[in-house]
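Data file: data-v3.cif. Format and content: mmCIF, C-alpha atoms and all ligand atoms.
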data_protein
#
loop_
_atom_site.label_atom_id
_atom_site.label_comp_id
_atom_site.auth_asym_id
_atom_site.auth_seq_id
_atom_site.Cartn_x
_atom_site.Cartn_y
_atom_site.Cartn_z
CA MET A 120 102.42 113.41 91.71
CA GLN A 121 99.40 115.25 90.35
CA LYS A 122 100.17 118.89 89.67
CA ARG A 123 98.56 121.57 91.82
CA GLU A 124 97.51 125.04 90.69
CA ILE A 125 99.16 128.07 92.29
CA GLY A 126 96.07 129.92 93.53
CA HIS A 127 93.82 130.59 90.55
CA SER A 128 96.74 131.66 88.38
CA GLY A 129 96.38 128.93 85.76
CA ILE A 130 99.94 127.87 86.61
CA PHE A 131 100.12 124.18 87.54
CA VAL A 132 103.25 122.74 89.15
CA ASN A 133 104.60 119.66 90.83
CA PRO A 134 103.69 120.23 94.49
CA ILE A 135 107.31 119.44 95.33
CA GLY A 136 109.40 122.26 93.92
CA LEU A 137 112.95 123.35 94.68
CA GLY A 138 114.00 126.08 97.08
CA CYS A 139 117.19 127.41 95.51
CA MET A 140 118.51 129.67 98.29
CA GLY A 141 121.06 127.21 99.63
CA LEU A 142 122.79 127.02 96.26
CA SER A 143 124.08 130.56 96.78
CA GLU A 144 123.95 131.57 100.43
CA PHE A 145 123.06 130.87 104.08
CA TYR A 146 123.70 127.11 104.23
CA GLY A 147 127.46 127.21 103.65
CA PRO A 148 129.53 128.37 100.69
CA ALA A 149 127.81 128.85 97.33
CA VAL A 150 128.03 125.93 94.92
CA GLY A 151 130.01 126.54 91.73
CA THR A 152 128.12 127.60 88.62
CA ALA A 153 128.72 124.35 86.73
CA ASP A 154 127.57 122.22 89.67
CA GLY A 155 124.57 124.46 90.29
CA VAL A 156 123.49 124.38 86.65
CA ALA A 157 123.94 120.60 86.55
CA LEU A 158 121.72 120.22 89.63
CA LEU A 159 119.03 122.50 88.20
CA HIS A 160 119.01 120.60 84.89
CA ALA A 161 118.85 117.27 86.71
CA ALA A 162 115.97 118.64 88.79
CA ILE A 163 113.99 119.32 85.61
CA ASP A 164 114.77 115.80 84.38
CA ALA A 165 113.53 114.42 87.72
CA GLY A 166 110.18 116.19 87.30
CA ILE A 167 110.64 119.43 89.24
CA ASP A 168 109.12 122.43 87.50
CA HIS A 169 108.80 125.07 90.25
CA PHE A 170 111.99 126.87 91.22
CA ASP A 171 112.03 129.44 93.99
CA THR A 172 114.62 132.19 94.24
CA ALA A 173 114.83 135.81 95.44
CA GLN A 174 116.76 138.98 94.76
CA LEU A 175 118.12 138.58 98.30
CA TYR A 176 119.80 135.18 97.87
CA GLY A 177 123.44 135.88 97.16
CA MET A 178 122.41 139.42 96.19
CA GLY A 179 121.58 138.41 92.62
CA ALA A 180 123.89 135.39 92.43
CA ASN A 181 121.05 132.91 92.87
CA GLU A 182 118.95 134.54 90.14
CA ARG A 183 121.99 134.60 87.87
CA LEU A 184 122.50 130.88 88.45
CA LEU A 185 118.89 130.18 87.51
CA GLY A 186 119.29 132.41 84.45
CA GLU A 187 122.32 130.42 83.37
CA ALA A 188 120.44 127.14 83.83
CA PHE A 189 117.06 128.06 82.40
CA HIS A 190 117.47 130.69 79.68
CA ASP A 191 117.47 128.01 76.96
CA ARG A 192 114.62 125.96 78.48
CA ARG A 193 112.35 128.64 79.86
CA ASP A 194 109.13 126.83 78.92
CA LYS A 195 109.99 123.91 81.21
CA VAL A 196 110.11 125.92 84.42
CA THR A 197 107.95 128.07 86.65
CA ILE A 198 110.21 130.70 88.18
CA ALA A 199 109.28 132.45 91.39
CA THR A 200 111.34 135.34 92.72
CA LYS A 201 110.93 138.05 95.35
CA PHE A 202 111.78 141.66 96.17
CA GLY A 203 111.57 143.94 99.19
CA PRO A 204 114.56 143.48 101.50
CA VAL A 205 117.43 145.88 100.79
CA ARG A 206 121.04 144.99 101.55
CA ASP A 207 124.28 146.91 101.63
CA PRO A 208 125.94 146.03 98.29
CA GLU A 209 129.37 146.09 99.90
CA THR A 210 128.83 144.14 103.11
CA GLY A 211 125.56 142.31 102.45
CA ALA A 212 124.15 143.68 105.73
CA PHE A 213 120.35 143.89 105.85
CA LEU A 214 119.32 147.56 105.76
CA ASP A 215 115.57 147.72 105.32
CA VAL A 216 112.46 146.33 103.68
CA ASP A 217 111.26 148.61 100.90
CA GLY A 218 107.87 147.89 99.35
CA SER A 219 107.81 151.10 97.31
CA GLU A 220 107.15 151.08 93.59
CA ALA A 221 110.56 152.67 92.94
CA ASN A 222 112.35 149.80 94.70
CA MET A 223 110.13 147.22 92.99
CA ARG A 224 110.90 148.71 89.55
CA ARG A 225 114.65 148.49 90.18
CA ALA A 226 114.31 144.97 91.53
CA ILE A 227 112.20 143.53 88.72
CA GLU A 228 114.51 144.88 86.03
CA ASP A 229 117.50 143.31 87.79
CA SER A 230 115.64 140.04 88.26
CA LEU A 231 114.62 139.83 84.60
CA ARG A 232 118.17 140.58 83.51
CA PHE A 233 119.77 138.11 85.92
CA LEU A 234 117.20 135.40 85.16
CA ARG A 235 117.65 136.04 81.42
CA THR A 236 113.93 136.05 80.77
CA ASP A 237 111.21 138.52 79.83
CA HIS A 238 108.82 137.45 82.58
CA VAL A 239 108.69 136.05 86.10
CA ASP A 240 105.91 133.52 86.72
CA LEU A 241 105.31 134.30 90.38
CA TYR A 242 106.53 137.56 91.92
CA TYR A 243 106.51 137.91 95.69
CA LEU A 244 106.89 140.73 98.14
CA HIS A 245 109.52 138.95 100.27
CA ARG A 246 108.67 140.69 103.54
CA VAL A 247 105.92 143.17 104.32
CA ASP A 248 107.14 146.78 104.54
CA PRO A 249 105.40 148.47 107.50
CA LYS A 250 106.12 151.90 105.99
CA THR A 251 104.29 151.26 102.71
CA PRO A 252 100.59 150.34 102.74
CA ILE A 253 100.17 146.87 101.25
CA GLU A 254 97.56 148.26 98.84
CA GLU A 255 100.22 150.55 97.37
CA THR A 256 102.79 147.78 96.94
CA VAL A 257 100.32 145.32 95.44
CA GLY A 258 98.91 148.06 93.18
CA ALA A 259 102.41 148.53 91.79
CA MET A 260 102.93 144.77 91.46
CA ALA A 261 99.62 144.53 89.58
CA ARG A 262 101.00 146.96 87.00
CA LEU A 263 103.81 144.49 86.33
CA VAL A 264 101.15 141.89 85.54
CA GLU A 265 99.48 144.32 83.10
CA GLU A 266 102.86 144.96 81.49
CA GLY A 267 103.46 141.23 81.02
CA LYS A 268 106.58 141.18 83.20
CA VAL A 269 104.95 139.03 85.86
CA ARG A 270 102.22 136.37 85.63
CA ALA A 271 101.02 136.04 89.22
CA LEU A 272 101.56 137.72 92.57
CA GLY A 273 102.52 136.45 95.98
CA LEU A 274 103.36 137.63 99.48
CA SER A 275 105.78 136.07 101.92
CA GLU A 276 105.30 135.86 105.69
CA ALA A 277 102.18 138.04 105.52
CA SER A 278 99.40 138.00 108.10
CA ALA A 279 95.80 137.05 107.34
CA ASP A 280 94.78 140.71 107.36
CA THR A 281 97.57 141.74 104.97
CA LEU A 282 96.70 138.87 102.63
CA LYS A 283 93.05 139.91 102.51
CA ARG A 284 93.84 143.60 102.00
CA ALA A 285 96.25 142.70 99.21
CA GLY A 286 93.69 140.41 97.62
CA ALA A 287 91.21 143.28 97.42
CA VAL A 288 93.65 145.05 95.06
CA HIS A 289 94.74 142.09 92.91
CA PRO A 290 94.38 138.30 93.26
CA ILE A 291 97.19 136.89 95.41
CA ALA A 292 98.09 133.48 94.05
CA ALA A 293 100.40 132.42 96.84
CA LEU A 294 101.44 133.05 100.38
CA GLN A 295 104.92 131.74 101.04
CA SER A 296 105.62 131.03 104.70
CA GLU A 297 107.60 128.61 106.78
CA TYR A 298 105.47 125.54 107.42
CA SER A 299 106.53 122.15 108.70
CA ILE A 300 105.94 119.57 111.42
CA PHE A 301 107.96 121.92 113.66
CA SER A 302 106.55 125.31 112.48
CA ARG A 303 102.77 125.56 112.50
CA ASP A 304 102.12 129.09 113.71
CA ILE A 305 100.52 130.06 110.36
CA GLU A 306 97.61 127.74 111.21
CA GLU A 307 96.44 130.49 113.56
CA GLY A 308 95.59 133.03 110.83
CA PRO A 309 97.51 133.06 107.57
CA LEU A 310 96.62 129.50 106.51
CA PRO A 311 92.85 129.93 107.03
CA ALA A 312 93.13 133.21 105.06
CA VAL A 313 94.93 131.36 102.25
CA ARG A 314 91.98 128.96 102.07
CA GLU A 315 89.40 131.74 102.27
CA THR A 316 90.99 133.77 99.49
CA GLY A 317 91.69 130.88 97.12
CA ALA A 318 95.46 131.30 97.28
CA SER A 319 98.03 128.54 97.66
CA LEU A 320 100.41 128.14 100.53
CA VAL A 321 103.99 127.66 99.38
CA ALA A 322 105.64 126.05 102.39
CA TYR A 323 109.31 126.94 102.77
CA SER A 324 111.73 125.20 105.14
CA PRO A 325 109.42 122.15 105.16
CA LEU A 326 112.39 120.16 106.47
CA GLY A 327 112.88 122.52 109.41
CA ARG A 328 116.07 123.81 107.74
CA GLY A 329 117.31 120.25 107.61
CA LEU A 330 116.49 119.31 111.22
CA LEU A 331 113.63 117.01 110.23
CA THR A 332 115.83 114.97 107.91
CA GLY A 333 117.69 113.51 110.87
CA ARG A 334 121.04 114.79 109.59
CA PHE A 335 121.98 116.82 112.66
CA THR A 336 123.50 115.62 115.90
CA ARG A 337 123.76 117.33 119.29
CA ASP A 338 127.38 118.38 118.72
CA TYR A 339 126.50 120.27 115.52
CA THR A 340 128.60 123.36 114.97
CA PRO A 341 127.68 125.33 111.89
CA PRO A 342 130.45 125.51 109.31
CA GLU A 343 131.46 128.89 107.95
CA GLN A 344 128.73 130.84 106.13
CA ASP A 345 126.02 128.54 107.49
CA PHE A 346 123.48 130.69 109.33
CA ARG A 347 122.15 127.83 111.44
CA SER A 348 123.90 129.23 114.49
CA SER A 349 122.33 130.18 117.81
CA ALA A 350 122.39 133.89 116.88
CA THR A 351 120.31 133.58 113.72
CA GLN A 352 118.44 130.29 114.22
CA PRO A 353 117.42 129.82 117.88
CA ARG A 354 116.35 126.21 117.30
CA PHE A 355 119.97 125.34 116.63
CA ALA A 356 121.28 126.87 119.87
CA ARG A 357 122.92 124.10 121.89
CA ASP A 358 120.24 123.30 124.51
CA ALA A 359 117.39 123.92 122.07
CA LEU A 360 119.02 121.65 119.53
CA GLU A 361 119.28 118.84 122.02
CA ALA A 362 115.59 119.11 122.91
CA ASN A 363 114.57 119.38 119.25
CA LEU A 364 116.63 116.36 118.25
CA ALA A 365 114.63 114.29 120.74
CA LEU A 366 111.52 115.28 118.74
CA VAL A 367 113.22 114.36 115.48
CA GLU A 368 113.56 110.83 116.91
CA GLU A 369 109.77 110.58 116.74
CA VAL A 370 109.81 111.55 113.06
CA LYS A 371 112.48 108.92 112.48
CA THR A 372 110.34 106.28 114.20
CA VAL A 373 107.42 107.06 111.90
CA ALA A 374 109.80 106.90 108.94
CA GLU A 375 111.12 103.50 110.01
CA THR A 376 107.64 101.99 110.16
CA LEU A 377 107.06 103.21 106.61
CA ASP A 378 110.50 102.19 105.40
CA ALA A 379 110.89 105.81 104.35
CA HIS A 380 113.35 108.65 104.92
CA PRO A 381 112.47 111.19 107.65
CA ALA A 382 112.64 113.94 105.00
CA GLN A 383 109.90 112.12 103.09
CA VAL A 384 107.75 111.93 106.20
CA ALA A 385 108.24 115.66 106.78
CA LEU A 386 107.22 116.49 103.21
CA ALA A 387 104.29 114.06 103.15
CA TRP A 388 102.99 115.71 106.33
CA VAL A 389 103.10 119.16 104.67
CA LEU A 390 101.54 117.99 101.40
CA GLY A 391 98.82 116.13 103.28
CA ARG A 392 97.51 119.36 104.81
CA GLY A 393 95.48 120.11 101.69
CA GLU A 394 95.43 120.56 97.94
CA GLU A 395 96.22 124.25 98.38
CA VAL A 396 99.62 123.44 99.86
CA LEU A 397 102.80 123.30 97.77
CA THR A 398 106.29 122.91 99.08
CA ILE A 399 109.82 123.91 98.09
CA PRO A 400 112.39 121.89 100.05
CA GLY A 401 115.91 123.18 99.51
CA THR A 402 118.81 121.00 98.56
CA THR A 403 122.18 121.28 96.85
CA ARG A 404 122.47 117.53 96.28
CA LEU A 405 120.86 115.44 93.59
CA SER A 406 120.67 112.39 95.86
CA ASN A 407 118.66 114.38 98.43
CA LEU A 408 116.47 115.83 95.69
CA HIS A 409 115.53 112.31 94.62
CA VAL A 410 114.81 111.32 98.21
CA ASN A 411 112.58 114.38 98.60
CA LEU A 412 110.63 113.66 95.42
CA GLY A 413 109.96 110.20 96.83
CA ALA A 414 107.66 111.86 99.37
CA SER A 415 104.98 112.04 96.70
CA ARG A 416 104.54 108.26 96.98
CA LEU A 417 104.07 108.35 100.73
CA THR A 418 100.74 108.48 102.55
CA LEU A 419 100.73 108.87 106.31
CA THR A 420 98.08 107.14 108.40
CA SER A 421 95.84 109.22 110.65
CA ASP A 422 97.66 107.76 113.68
CA GLN A 423 101.02 108.80 112.29
CA ILE A 424 99.72 112.29 111.51
CA ALA A 425 98.27 112.58 115.03
CA ARG A 426 101.62 111.63 116.50
CA LEU A 427 103.49 114.15 114.35
CA ASP A 428 100.88 116.80 115.16
CA THR A 429 101.97 116.78 118.80
CA LEU A 430 105.55 117.84 118.06
CA ALA A 431 105.29 121.53 117.08
CA ASP A 432 104.15 122.65 120.52
CA ARG A 433 107.18 120.99 122.06
CA VAL A 434 109.78 122.61 119.78
CA LYS A 435 112.30 124.74 121.62
CA GLY A 436 113.30 128.10 120.14
CA ALA A 437 111.59 130.54 117.79
CA ARG A 438 111.86 130.43 114.00
CA TYR A 439 114.02 133.55 113.98
CA PRO A 440 115.70 135.66 116.63
CA GLU A 441 113.51 138.29 118.28
CA SER A 442 115.01 141.08 116.14
CA ARG A 443 113.74 139.45 112.96
CA MET A 444 110.28 138.38 114.15
CA SER A 445 108.64 141.75 113.50
CA ASN A 446 108.13 141.08 109.80
CA ILE A 447 107.00 137.50 110.26
CA ASN A 448 103.23 136.99 109.82
CA ALA A 449 103.14 140.77 109.33
P1 LIG B 1 115.02 125.82 103.21
O1 LIG B 1 113.63 125.96 102.72
O2 LIG B 1 115.42 126.99 104.06
O3 LIG B 1 116.02 125.46 102.15
P2 LIG B 1 114.59 123.12 104.24
O4 LIG B 1 114.06 122.79 102.91
O5 LIG B 1 113.72 122.91 105.42
O6 LIG B 1 115.02 124.65 104.28
O7 LIG B 1 115.97 122.38 104.52
C1 LIG B 1 117.10 122.56 103.71
C2 LIG B 1 118.25 121.81 104.33
O8 LIG B 1 117.93 120.41 104.35
C3 LIG B 1 119.54 121.93 103.57
O9 LIG B 1 120.58 122.06 104.52
C4 LIG B 1 119.66 120.62 102.83
O10 LIG B 1 121.02 120.26 102.69
P3 LIG B 1 121.67 119.65 101.32
O11 LIG B 1 121.88 120.80 100.43
O12 LIG B 1 122.91 119.01 101.80
O13 LIG B 1 120.67 118.66 100.79
C5 LIG B 1 118.95 119.66 103.74
N1 LIG B 1 118.28 118.56 103.01
C6 LIG B 1 117.38 118.65 102.03
N2 LIG B 1 116.93 117.44 101.67
C7 LIG B 1 117.59 116.54 102.43
C8 LIG B 1 117.56 115.12 102.53
N3 LIG B 1 116.75 114.39 101.76
N4 LIG B 1 118.40 114.52 103.44
C9 LIG B 1 119.21 115.28 104.24
N5 LIG B 1 119.27 116.62 104.18
C10 LIG B 1 118.47 117.26 103.29
#

Output the structure of this file as structure tokens.
Amino acid sequence: MQKREIGHSGIFVNPIGLGCMGLSEFYGPAVGTADGVALLHAAIDAGIDHFDTAQLYGMGANERLLGEAFHDRRDKVTIATKFGPVRDPETGAFLDVDGSEANMRRAIEDSLRFLRTDHVDLYYLHRVDPKTPIEETVGAMARLVEEGKVRALGLSEASADTLKRAGAVHPIAALQSEYSIFSRDIEEGPLPAVRETGASLVAYSPLGRGLLTGRFTRDYTPPEQDFRSSATQPRFARDALEANLALVEEVKTVAETLDAHPAQVALAWVLGRGEEVLTIPGTTRLSNLHVNLGASRLTLTSDQIARLDTLADRVKGARYPESRMSNINA
């Protein structure tokens, strides 16, 4: 697939990248280092060049894994990482979001060390810190660009207003937010602001955390260390899941008419929203990675898109529990 530029950064990537979170945390136990490195190398061979991680994922373990995989082939990859959320080093509990320069300085030095590189290509504020004006955080991030430690800046789950205020301080190359057939709330403000400011949208969870692939059934019970439980992912709560699986059937029907996989339909829908949209589906399996890359060959008809467009309003359950919604679109 033709590469797309991340904002006006001069960085061009395959619009289908790889979300690396699940390799270390949240979707079950972490994969072993050898398996993780093998997957990341195979991803490069398959044509993926945009890898998304964060300080948060496995509290450094995910960045370390990418460092192990990429330190000897740095020129082949665009690495995006993020800072902001602070966790208890002992328990992993989420403590705060800290957008201060002091926290950013600590985070970037750790990230560079773990990633075994002298620069990060795309550096995001992972969640907006309501205590620190965005101008202050982005001003500090801009100094990292001047120092050559970072090439381009991004925000994650920011509102239209925050994105514009940030952009007045330094160009924001990317907004990373959840965006999929099931999650379209950013169309109300953040996505138009992305277009207005010349940024890209990096769509995370484009597969609805796996729901849109058709892999889940109504009796799904999350295995240990998988956060797709009713407490942390309302769409997976029992009655919501049942209702949402009925909607997935419609995605599967579209896939069948195209002789495609539902995951490919989900990704083609996201990529069809515009040239400014990139996506980073997450997978720990090479077979799924190949399926996902196959989405680049798929074009949906306007009738199919119209049918899929009706689903988001019917989805049951919010993206996150109420307690975690305050720094979404913030
Ligand atoms: P996130 O951005 O949070 O990683 P996502 O991309 O919407 O979320 O979905 C990731 C989930 O979809 C993972 O559970 C992944 O599981 P594997 O590691 O087993 O692949 C699953 N997934 C990704 N691609 C898939 C595919 N082609 N078929 C089935 N499941 C897939």

So which one's closest to ligand LIG 1 (chain B), A:Tyr339, A:Phe145, A:Trp388, A:Phe131? Using all atoms listed in the file, please.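 So, comparing all the options, the nearest one is A:Phe145.
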
Mind checking which residues fall within 8 Å of stretch 362-370 of chain A, counting all atoms listed in the file, ignoring those fewer than 6 positions away in the same chain, and posting them as a count of residues only? 15

The residues within 7 Å of (98.7, 125.5, 97.5), using all atoms listed in the file and the coordinates of the file, should be reported as a PyMOL selection string; which are they? chain A and resi 123-126+318-321+394-397

Give me a file of those residues, with C-alpha atoms, as a compact mmCIF listing (two decimals), in the frame of the given file.
# COMPACT_ATOMS: atom_id res chain seq x y z
CA ARG A 123 98.56 121.57 91.82
CA GLU A 124 97.51 125.04 90.69
CA ILE A 125 99.16 128.07 92.29
CA GLY A 126 96.07 129.92 93.53
CA ALA A 318 95.46 131.30 97.28
CA SER A 319 98.03 128.54 97.66
CA LEU A 320 100.41 128.14 100.53
CA VAL A 321 103.99 127.66 99.38
CA GLU A 394 95.43 120.56 97.94
CA GLU A 395 96.22 124.25 98.38
CA VAL A 396 99.62 123.44 99.86
CA LEU A 397 102.80 123.30 97.77

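Among the candidates A:Ala188, A:Val373, A:Ala379, A:Ala165, the one nearest to ligand LIG 1 (chain B) when counting only C-alpha atoms and all ligand atoms is A:Ala379.
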
One-decimal distance in Å that lies between atom CA of A:Lys283 and atom CA of A:Asp171: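 Separation between atom CA of A:Asp171 and atom CA of A:Lys283: 23.3 Å.
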
Interatomic distance between atom CA of A:Ala292 and atom CA of A:Glu220?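 These atoms are spaced 19.8 Å apart.
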
Could you list, as a ChimeraX atom specification, all residues that come within 9 Å of ligand LIG 1 (chain B)? Count only C-alpha atoms and all ligand atoms. /A:137-142,145-147,297-299,322-335,345,380-383,398-412

For A:Gly177, which residue out of A:Asp358, A:Glu315, A:Asp207, A:Asp338 is the nearest one, using only C-alpha atoms? A:Asp207

In Å, how far is it from atom CA of A:Ile227 to atom CA of A:Gly258? 14.7 Å

Given all atoms listed in the file as the counted atoms, nearest of A:Val239, A:Met260, A:Ala157, A:Ala437 to A:Arg303: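 Once distances to A:Arg303 are computed over all atoms listed in the file, the minimum belongs to A:Ala437.
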
May I have the residues within 12 Å of A:Ser442 as a PDB file with C-alpha atoms, keeping the file's coordinate frame, using only C-alpha atoms and disregarding those fewer than 2 positions away in the same chain?
ATOM      1  CA  PHE A 213     120.350 143.890 105.850  1.00  0.00           C
ATOM      2  CA  ALA A 350     122.390 133.890 116.880  1.00  0.00           C
ATOM      3  CA  THR A 351     120.310 133.580 113.720  1.00  0.00           C
ATOM      4  CA  GLN A 352     118.440 130.290 114.220  1.00  0.00           C
ATOM      5  CA  PRO A 353     117.420 129.820 117.880  1.00  0.00           C
ATOM      6  CA  ALA A 437     111.590 130.540 117.790  1.00  0.00           C
ATOM      7  CA  ARG A 438     111.860 130.430 114.000  1.00  0.00           C
ATOM      8  CA  TYR A 439     114.020 133.550 113.980  1.00  0.00           C
ATOM      9  CA  PRO A 440     115.700 135.660 116.630  1.00  0.00           C
ATOM     10  CA  MET A 444     110.280 138.380 114.150  1.00  0.00           C
ATOM     11  CA  SER A 445     108.640 141.750 113.500  1.00  0.00           C
ATOM     12  CA  ASN A 446     108.130 141.080 109.800  1.00  0.00           C
ATOM     13  CA  ILE A 447     107.000 137.500 110.260  1.00  0.00           C
TER      14      ILE A 447
END

Using all atoms listed in the file, which residues sit within 9 Å of stretch 266-277 of chain A once same-chain residues fewer than 4 positions away are excluded, as a PyMOL selection string? chain A and resi 125-126+128+130+201+227+231+237-247+257+260-262+281-282+285+289-297+305+309+318+321+446-449

Which residues are near A:Val205? Cut-off 12 Å, only C-alpha atoms, ignore same chain within fewer than 4 positions. Put them as number ranges by chain. A: 173-176, 178-179, 201, 209-219, 222-223, 225-226, 245-246, 248

Residue nearest A:Ile135 - candidates A:Thr316, A:Ser415, A:Ser348, A:Thr429, atoms counted: only C-alpha atoms: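 Closest candidate: A:Ser415.
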
Quick one: of A:Gly151, A:Thr197, A:Ile167, A:Leu360, who's nearest to A:Gly129, counting only C-alpha atoms? A:Thr197

As an mmCIF file, keeping the file's coordinate frame, please: stretch 196-217 of chain A completed to N, CA and C atoms.
data_model
loop_
_atom_site.group_PDB
_atom_site.id
_atom_site.type_symbol
_atom_site.label_atom_id
_atom_site.label_comp_id
_atom_site.auth_asym_id
_atom_site.auth_seq_id
_atom_site.Cartn_x
_atom_site.Cartn_y
_atom_site.Cartn_z
ATOM 1 N N VAL A 196 110.031 125.552 83.003
ATOM 2 C CA VAL A 196 110.110 125.920 84.420
ATOM 3 C C VAL A 196 109.165 127.058 84.805
ATOM 4 N N THR A 197 108.655 126.968 86.009
ATOM 5 C CA THR A 197 107.950 128.070 86.650
ATOM 6 C C THR A 197 108.956 128.718 87.587
ATOM 7 N N ILE A 198 109.218 130.001 87.354
ATOM 8 C CA ILE A 198 110.210 130.700 88.180
ATOM 9 C C ILE A 198 109.498 131.680 89.102
ATOM 10 N N ALA A 199 109.794 131.518 90.387
ATOM 11 C CA ALA A 199 109.280 132.450 91.390
ATOM 12 C C ALA A 199 110.462 133.232 91.956
ATOM 13 N N THR A 200 110.321 134.564 92.035
ATOM 14 C CA THR A 200 111.340 135.340 92.720
ATOM 15 C C THR A 200 110.673 136.413 93.580
ATOM 16 N N LYS A 201 111.490 137.155 94.318
ATOM 17 C CA LYS A 201 110.930 138.050 95.350
ATOM 18 C C LYS A 201 111.749 139.324 95.456
ATOM 19 N N PHE A 202 111.081 140.381 95.925
ATOM 20 C CA PHE A 202 111.780 141.660 96.170
ATOM 21 C C PHE A 202 111.322 142.202 97.520
ATOM 22 N N GLY A 203 111.985 143.251 97.952
ATOM 23 C CA GLY A 203 111.570 143.940 99.190
ATOM 24 C C GLY A 203 112.766 144.258 100.072
ATOM 25 N N PRO A 204 113.421 143.210 100.621
ATOM 26 C CA PRO A 204 114.560 143.480 101.500
ATOM 27 C C PRO A 204 115.706 144.169 100.738
ATOM 28 N N VAL A 205 116.327 145.127 101.402
ATOM 29 C CA VAL A 205 117.430 145.880 100.790
ATOM 30 C C VAL A 205 118.696 145.584 101.590
ATOM 31 N N ARG A 206 119.770 145.295 100.882
ATOM 32 C CA ARG A 206 121.040 144.990 101.550
ATOM 33 C C ARG A 206 122.134 145.949 101.118
ATOM 34 N N ASP A 207 123.115 146.105 101.967
ATOM 35 C CA ASP A 207 124.280 146.910 101.630
ATOM 36 C C ASP A 207 125.069 146.154 100.548
ATOM 37 N N PRO A 208 125.260 146.770 99.367
ATOM 38 C CA PRO A 208 125.940 146.030 98.290
ATOM 39 C C PRO A 208 127.377 145.644 98.631
ATOM 40 N N GLU A 209 127.977 146.396 99.535
ATOM 41 C CA GLU A 209 129.370 146.090 99.900
ATOM 42 C C GLU A 209 129.455 144.953 100.918
ATOM 43 N N THR A 210 128.680 145.089 101.990
ATOM 44 C CA THR A 210 128.830 144.140 103.110
ATOM 45 C C THR A 210 127.766 143.053 103.126
ATOM 46 N N GLY A 211 126.655 143.272 102.420
ATOM 47 C CA GLY A 211 125.560 142.310 102.450
ATOM 48 C C GLY A 211 124.654 142.484 103.658
ATOM 49 N N ALA A 212 124.972 143.462 104.532
ATOM 50 C CA ALA A 212 124.150 143.680 105.730
ATOM 51 C C ALA A 212 122.726 144.044 105.331
ATOM 52 N N PHE A 213 121.757 143.572 106.117
ATOM 53 C CA PHE A 213 120.350 143.890 105.850
ATOM 54 C C PHE A 213 120.065 145.309 106.319
ATOM 55 N N LEU A 214 119.525 146.153 105.418
ATOM 56 C CA LEU A 214 119.320 147.560 105.760
ATOM 57 C C LEU A 214 117.852 147.847 106.055
ATOM 58 N N ASP A 215 116.960 147.270 105.261
ATOM 59 C CA ASP A 215 115.570 147.720 105.320
ATOM 60 C C ASP A 215 114.705 146.773 104.490
ATOM 61 N N VAL A 216 113.376 146.931 104.650
ATOM 62 C CA VAL A 216 112.460 146.330 103.680
ATOM 63 C C VAL A 216 111.790 147.490 102.977
ATOM 64 N N ASP A 217 111.786 147.478 101.672
ATOM 65 C CA ASP A 217 111.260 148.610 100.900
ATOM 66 C C ASP A 217 110.228 148.095 99.899
#
